[in-house]
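> Quick one: the structure is below, questions incoming.
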Amino acid sequence: MTQVLAQICRHPIKGHGRETLASVRLLAGACMPWDRHWAVAHNAAKLVDGWNRCANFARGAKAPALMAITSDFDEALGLVTLRHPEAGEIAFRPDDAADLPRFLDWVRPLNPADRAQPMAIVTAGRGMTDNPVESVSILSLASLADLSAKMGTDLSVDRFRGNLWIEGATPWAEFGWIGQRLCIGEAVFEITERITRCSATTVDPKTGRVSAPTLAALEENYGHQDFGVYAVVVESGQISVGDEWRLA
């Protein structure tokens, strides 16, 4: 099977929407541009300057309905459009304080009433990824197919909120790439660590409802709850869907 990049995905607001891209230019030492650029802090957050841990933010692990949001981001206008099957559509500028009340009114019903409630949109000037190191997540369609077969259901890539999906690897081969370099298009990555998953992956991204015991299935079939790997961009470059990938 040809070894190609199958999908590029970014999430401009952490935990609130996803969009696919045809191509993107990556910079050495940086997250994917505009991926998790903003995050929605809740009223129990204990924020520090710069990057903050995911526990400070509204996200699918605590508010499953958020997983059904899709998004579009107009970089020129700084305008994010979010869509949800029940909440409908909203377009706003995350950096515009005047737009915040309207966004909070839209998103609040998607958060459980007994949980901390969304309060503010924050940014760190870098991706507010779960990993404190500026990184990109790389996931394998072969591993997804293997897990899907074990569970007897077709799992969507959107459950895992990854950046780059590759095809052509053997299932779970990516776990053996830690410390190695991977080339995609013009960019070069160093694979750094496995990604341990949370309960957001149990949610159907079409409905925002819990539908599949992914964590239990990972533990039962493989003895861990990991899926995908983090990678650091070590050489800048343009990547596009369809580019071939190879281990350096």
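Every chain in the structure tokens takes a letter, A first, then B, and so on in the order presented; its residues are numbered from 1, and the ligands are numbered from 1 following the presented order.
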Where does DSSP see strand (DSSP E) in stretch 86-152 of chain A, if you list the residues as an MDAnalysis selection string?
chainID A and resid 88:92 118:123 136:140
> Could the residues in this selection be written to a file with C-alpha atoms, as a short mmCIF file (atom, residue, chain, number, x, y, z; two decimals), in the first residue's frame?

```cif
data_model
loop_
_atom_site.label_atom_id
_atom_site.label_comp_id
_atom_site.auth_asym_id
_atom_site.auth_seq_id
_atom_site.Cartn_x
_atom_site.Cartn_y
_atom_site.Cartn_z
CA GLY A 88 -27.03 25.43 15.11
CA GLU A 89 -24.40 27.83 13.74
CA ILE A 90 -22.52 30.81 15.14
CA ALA A 91 -19.80 33.01 13.61
CA PHE A 92 -17.65 35.17 15.89
CA PRO A 118 -17.46 28.13 30.19
CA MET A 119 -16.30 31.58 31.18
CA ALA A 120 -13.64 32.99 28.83
CA ILE A 121 -11.68 32.40 25.64
CA VAL A 122 -7.93 32.45 26.24
CA THR A 123 -4.81 32.11 24.12
CA VAL A 136 1.78 17.78 16.21
CA SER A 137 -0.21 14.56 16.60
CA ILE A 138 0.22 11.80 14.00
CA LEU A 139 -2.23 8.92 13.80
CA SER A 140 -2.51 5.81 11.64
#
```
> Show me, as a PDB file with N, CA and C atoms, in the first residue's frame, the residues that have an atom within 12 Å of A:Ser156 when counting only C-alpha atoms, minus same-chain residues fewer than 2 positions from it.

```pdb
ATOM      1  N   MET A  67     -18.176  17.439  21.259  1.00  0.00           N
ATOM      2  CA  MET A  67     -17.500  16.643  20.236  1.00  0.00           C
ATOM      3  C   MET A  67     -18.205  16.710  18.885  1.00  0.00           C
ATOM      4  N   ALA A  68     -19.467  17.142  18.859  1.00  0.00           N
ATOM      5  CA  ALA A  68     -20.213  17.204  17.599  1.00  0.00           C
ATOM      6  C   ALA A  68     -20.045  18.531  16.878  1.00  0.00           C
ATOM      7  N   LEU A 141      -4.300   5.314  10.075  1.00  0.00           N
ATOM      8  CA  LEU A 141      -5.578   4.729   9.673  1.00  0.00           C
ATOM      9  C   LEU A 141      -5.567   3.209   9.847  1.00  0.00           C
ATOM     10  N   LEU A 144      -6.419   2.521  13.404  1.00  0.00           N
ATOM     11  CA  LEU A 144      -7.841   2.783  13.593  1.00  0.00           C
ATOM     12  C   LEU A 144      -8.678   1.621  13.062  1.00  0.00           C
ATOM     13  N   ALA A 145      -8.308   1.103  11.900  1.00  0.00           N
ATOM     14  CA  ALA A 145      -9.035  -0.029  11.319  1.00  0.00           C
ATOM     15  C   ALA A 145      -8.923  -1.260  12.205  1.00  0.00           C
ATOM     16  N   LEU A 147      -8.411  -1.320  15.523  1.00  0.00           N
ATOM     17  CA  LEU A 147      -9.235  -1.104  16.708  1.00  0.00           C
ATOM     18  C   LEU A 147     -10.718  -1.234  16.363  1.00  0.00           C
ATOM     19  N   SER A 148     -11.109  -0.694  15.220  1.00  0.00           N
ATOM     20  CA  SER A 148     -12.499  -0.804  14.786  1.00  0.00           C
ATOM     21  C   SER A 148     -12.913  -2.262  14.632  1.00  0.00           C
ATOM     22  N   THR A 153     -17.091  -2.144  15.217  1.00  0.00           N
ATOM     23  CA  THR A 153     -17.769  -0.913  14.804  1.00  0.00           C
ATOM     24  C   THR A 153     -16.797  -0.037  14.039  1.00  0.00           C
ATOM     25  N   ASP A 154     -17.324   0.779  13.146  1.00  0.00           N
ATOM     26  CA  ASP A 154     -16.483   1.645  12.317  1.00  0.00           C
ATOM     27  C   ASP A 154     -16.243   2.950  13.058  1.00  0.00           C
ATOM     28  N   ASP A 158     -12.631  11.343  13.657  1.00  0.00           N
ATOM     29  CA  ASP A 158     -12.926  12.544  14.432  1.00  0.00           C
ATOM     30  C   ASP A 158     -13.001  12.287  15.933  1.00  0.00           C
ATOM     31  N   ARG A 159     -13.121  11.021  16.338  1.00  0.00           N
ATOM     32  CA  ARG A 159     -13.102  10.723  17.772  1.00  0.00           C
ATOM     33  C   ARG A 159     -11.754  11.087  18.399  1.00  0.00           C
ATOM     34  N   PHE A 160     -10.692  11.060  17.602  1.00  0.00           N
ATOM     35  CA  PHE A 160      -9.341  11.166  18.154  1.00  0.00           C
ATOM     36  C   PHE A 160      -8.716  12.539  17.962  1.00  0.00           C
ATOM     37  N   ARG A 161      -9.381  13.454  17.283  1.00  0.00           N
ATOM     38  CA  ARG A 161      -8.975  14.853  17.183  1.00  0.00           C
ATOM     39  C   ARG A 161      -7.485  15.007  16.856  1.00  0.00           C
ATOM     40  N   GLY A 162      -7.027  14.222  15.874  1.00  0.00           N
ATOM     41  CA  GLY A 162      -5.622  14.271  15.488  1.00  0.00           C
ATOM     42  C   GLY A 162      -5.341  15.351  14.467  1.00  0.00           C
ATOM     43  N   TRP A 165      -3.267  12.252   9.693  1.00  0.00           N
ATOM     44  CA  TRP A 165      -3.583  10.833   9.572  1.00  0.00           C
ATOM     45  C   TRP A 165      -2.809  10.266   8.384  1.00  0.00           C
ATOM     46  N   THR A 201     -12.854  10.114  23.382  1.00  0.00           N
ATOM     47  CA  THR A 201     -12.874   9.174  22.261  1.00  0.00           C
ATOM     48  C   THR A 201     -14.066   8.231  22.307  1.00  0.00           C
ATOM     49  N   THR A 202     -14.762   8.167  23.425  1.00  0.00           N
ATOM     50  CA  THR A 202     -15.941   7.303  23.527  1.00  0.00           C
ATOM     51  C   THR A 202     -17.173   7.946  22.894  1.00  0.00           C
ATOM     52  N   VAL A 203     -17.059   9.221  22.493  1.00  0.00           N
ATOM     53  CA  VAL A 203     -18.207  10.000  22.023  1.00  0.00           C
ATOM     54  C   VAL A 203     -18.324   9.946  20.497  1.00  0.00           C
ATOM     55  N   ASP A 204     -19.538   9.768  20.011  1.00  0.00           N
ATOM     56  CA  ASP A 204     -19.815   9.809  18.580  1.00  0.00           C
ATOM     57  C   ASP A 204     -19.711  11.267  18.118  1.00  0.00           C
ATOM     58  N   PRO A 205     -18.777  11.601  17.225  1.00  0.00           N
ATOM     59  CA  PRO A 205     -18.601  12.998  16.815  1.00  0.00           C
ATOM     60  C   PRO A 205     -19.724  13.534  15.932  1.00  0.00           C
ATOM     61  N   LYS A 206     -20.629  12.681  15.502  1.00  0.00           N
ATOM     62  CA  LYS A 206     -21.787  13.164  14.749  1.00  0.00           C
ATOM     63  C   LYS A 206     -22.907  13.622  15.671  1.00  0.00           C
ATOM     64  N   SER A 211     -20.948   6.576  22.794  1.00  0.00           N
ATOM     65  CA  SER A 211     -21.469   5.486  21.976  1.00  0.00           C
ATOM     66  C   SER A 211     -20.559   4.274  21.869  1.00  0.00           C
ATOM     67  N   ALA A 212     -19.290   4.378  22.271  1.00  0.00           N
ATOM     68  CA  ALA A 212     -18.371   3.249  22.088  1.00  0.00           C
ATOM     69  C   ALA A 212     -17.310   3.251  23.188  1.00  0.00           C
ATOM     70  N   THR A 214     -14.168   2.958  23.807  1.00  0.00           N
ATOM     71  CA  THR A 214     -12.832   2.906  23.197  1.00  0.00           C
ATOM     72  C   THR A 214     -11.725   2.636  24.214  1.00  0.00           C
TER      73      THR A 214
END
```
> Need the shell around A:Thr20: protein/DNA/RNA residues with any atom at most 8 Å away, counting only C-alpha atoms. Skip same-chain ones fewer than 6 positions apart. Format as an MDAnalysis selection string?
chainID A and resid 7:10
> Could you write those residues out with C-alpha atoms, as an mmCIF file, in the first residue's frame?

```cif
data_model
loop_
_atom_site.group_PDB
_atom_site.id
_atom_site.type_symbol
_atom_site.label_atom_id
_atom_site.label_comp_id
_atom_site.auth_asym_id
_atom_site.auth_seq_id
_atom_site.Cartn_x
_atom_site.Cartn_y
_atom_site.Cartn_z
ATOM 1 C CA GLN A 7 -5.867 13.852 6.191
ATOM 2 C CA ILE A 8 -4.810 17.140 7.775
ATOM 3 C CA CYS A 9 -6.997 18.487 10.559
ATOM 4 C CA ARG A 10 -6.841 21.493 12.865
#
```
> Restricting the calculation to only C-alpha atoms: of A:Ala6, A:Leu66, A:Ala113, A:Leu100, which residue gets closest to A:Val241?
A:Ala6
> Find the residues near stretch 192-194 of chain A: any atom within 10 Å, counting only C-alpha atoms, skip ones fewer than 5 places away on the same chain, and give them as a list in words.
Val133, Ser135, Ser137, Ile138, Glu174, Phe175, Gly176, Trp177, Ile178, Gly179, Gln180, Arg181, Gln225, Asp226, Phe227, Gly228, Val229, Tyr230, Ala231 and Val232 of chain A
> May I have the residues within 10 Å of A:Ala55 as a ChimeraX atom specification, using only C-alpha atoms and disregarding those fewer than 6 positions away in the same chain?
/A:41-42,44-46,61-62,130
> Using only C-alpha atoms, which protein or nucleic acid residues come within 9 Å of A:Cys183? Drop anything in the same chain fewer than 5 positions from it, and give the result as a ChimeraX atom specification.
/A:188-190,244-248
> Given only C-alpha atoms as the basis, pick out the residue of A:Asn221, A:Asn52, A:Ser199, A:Ser71 nearest to A:Lys150.
A:Asn221
> Using only C-alpha atoms, which of the listed residues (A:Gly50, A:Gly237, A:Pro213, A:Pro132) sits closest to A:Met151?
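Checking each of A:Gly50, A:Gly237, A:Pro213, A:Pro132 against A:Met151, counting only C-alpha atoms, the winner is A:Pro213.
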> Can you list every residue in stretch 87-240 of chain A that DSSP puts in helix (DSSP H, G or I), as a PyMOL selection string?
chain A and resi 97-110+141-151+157-159+173-177+199-202+214-222
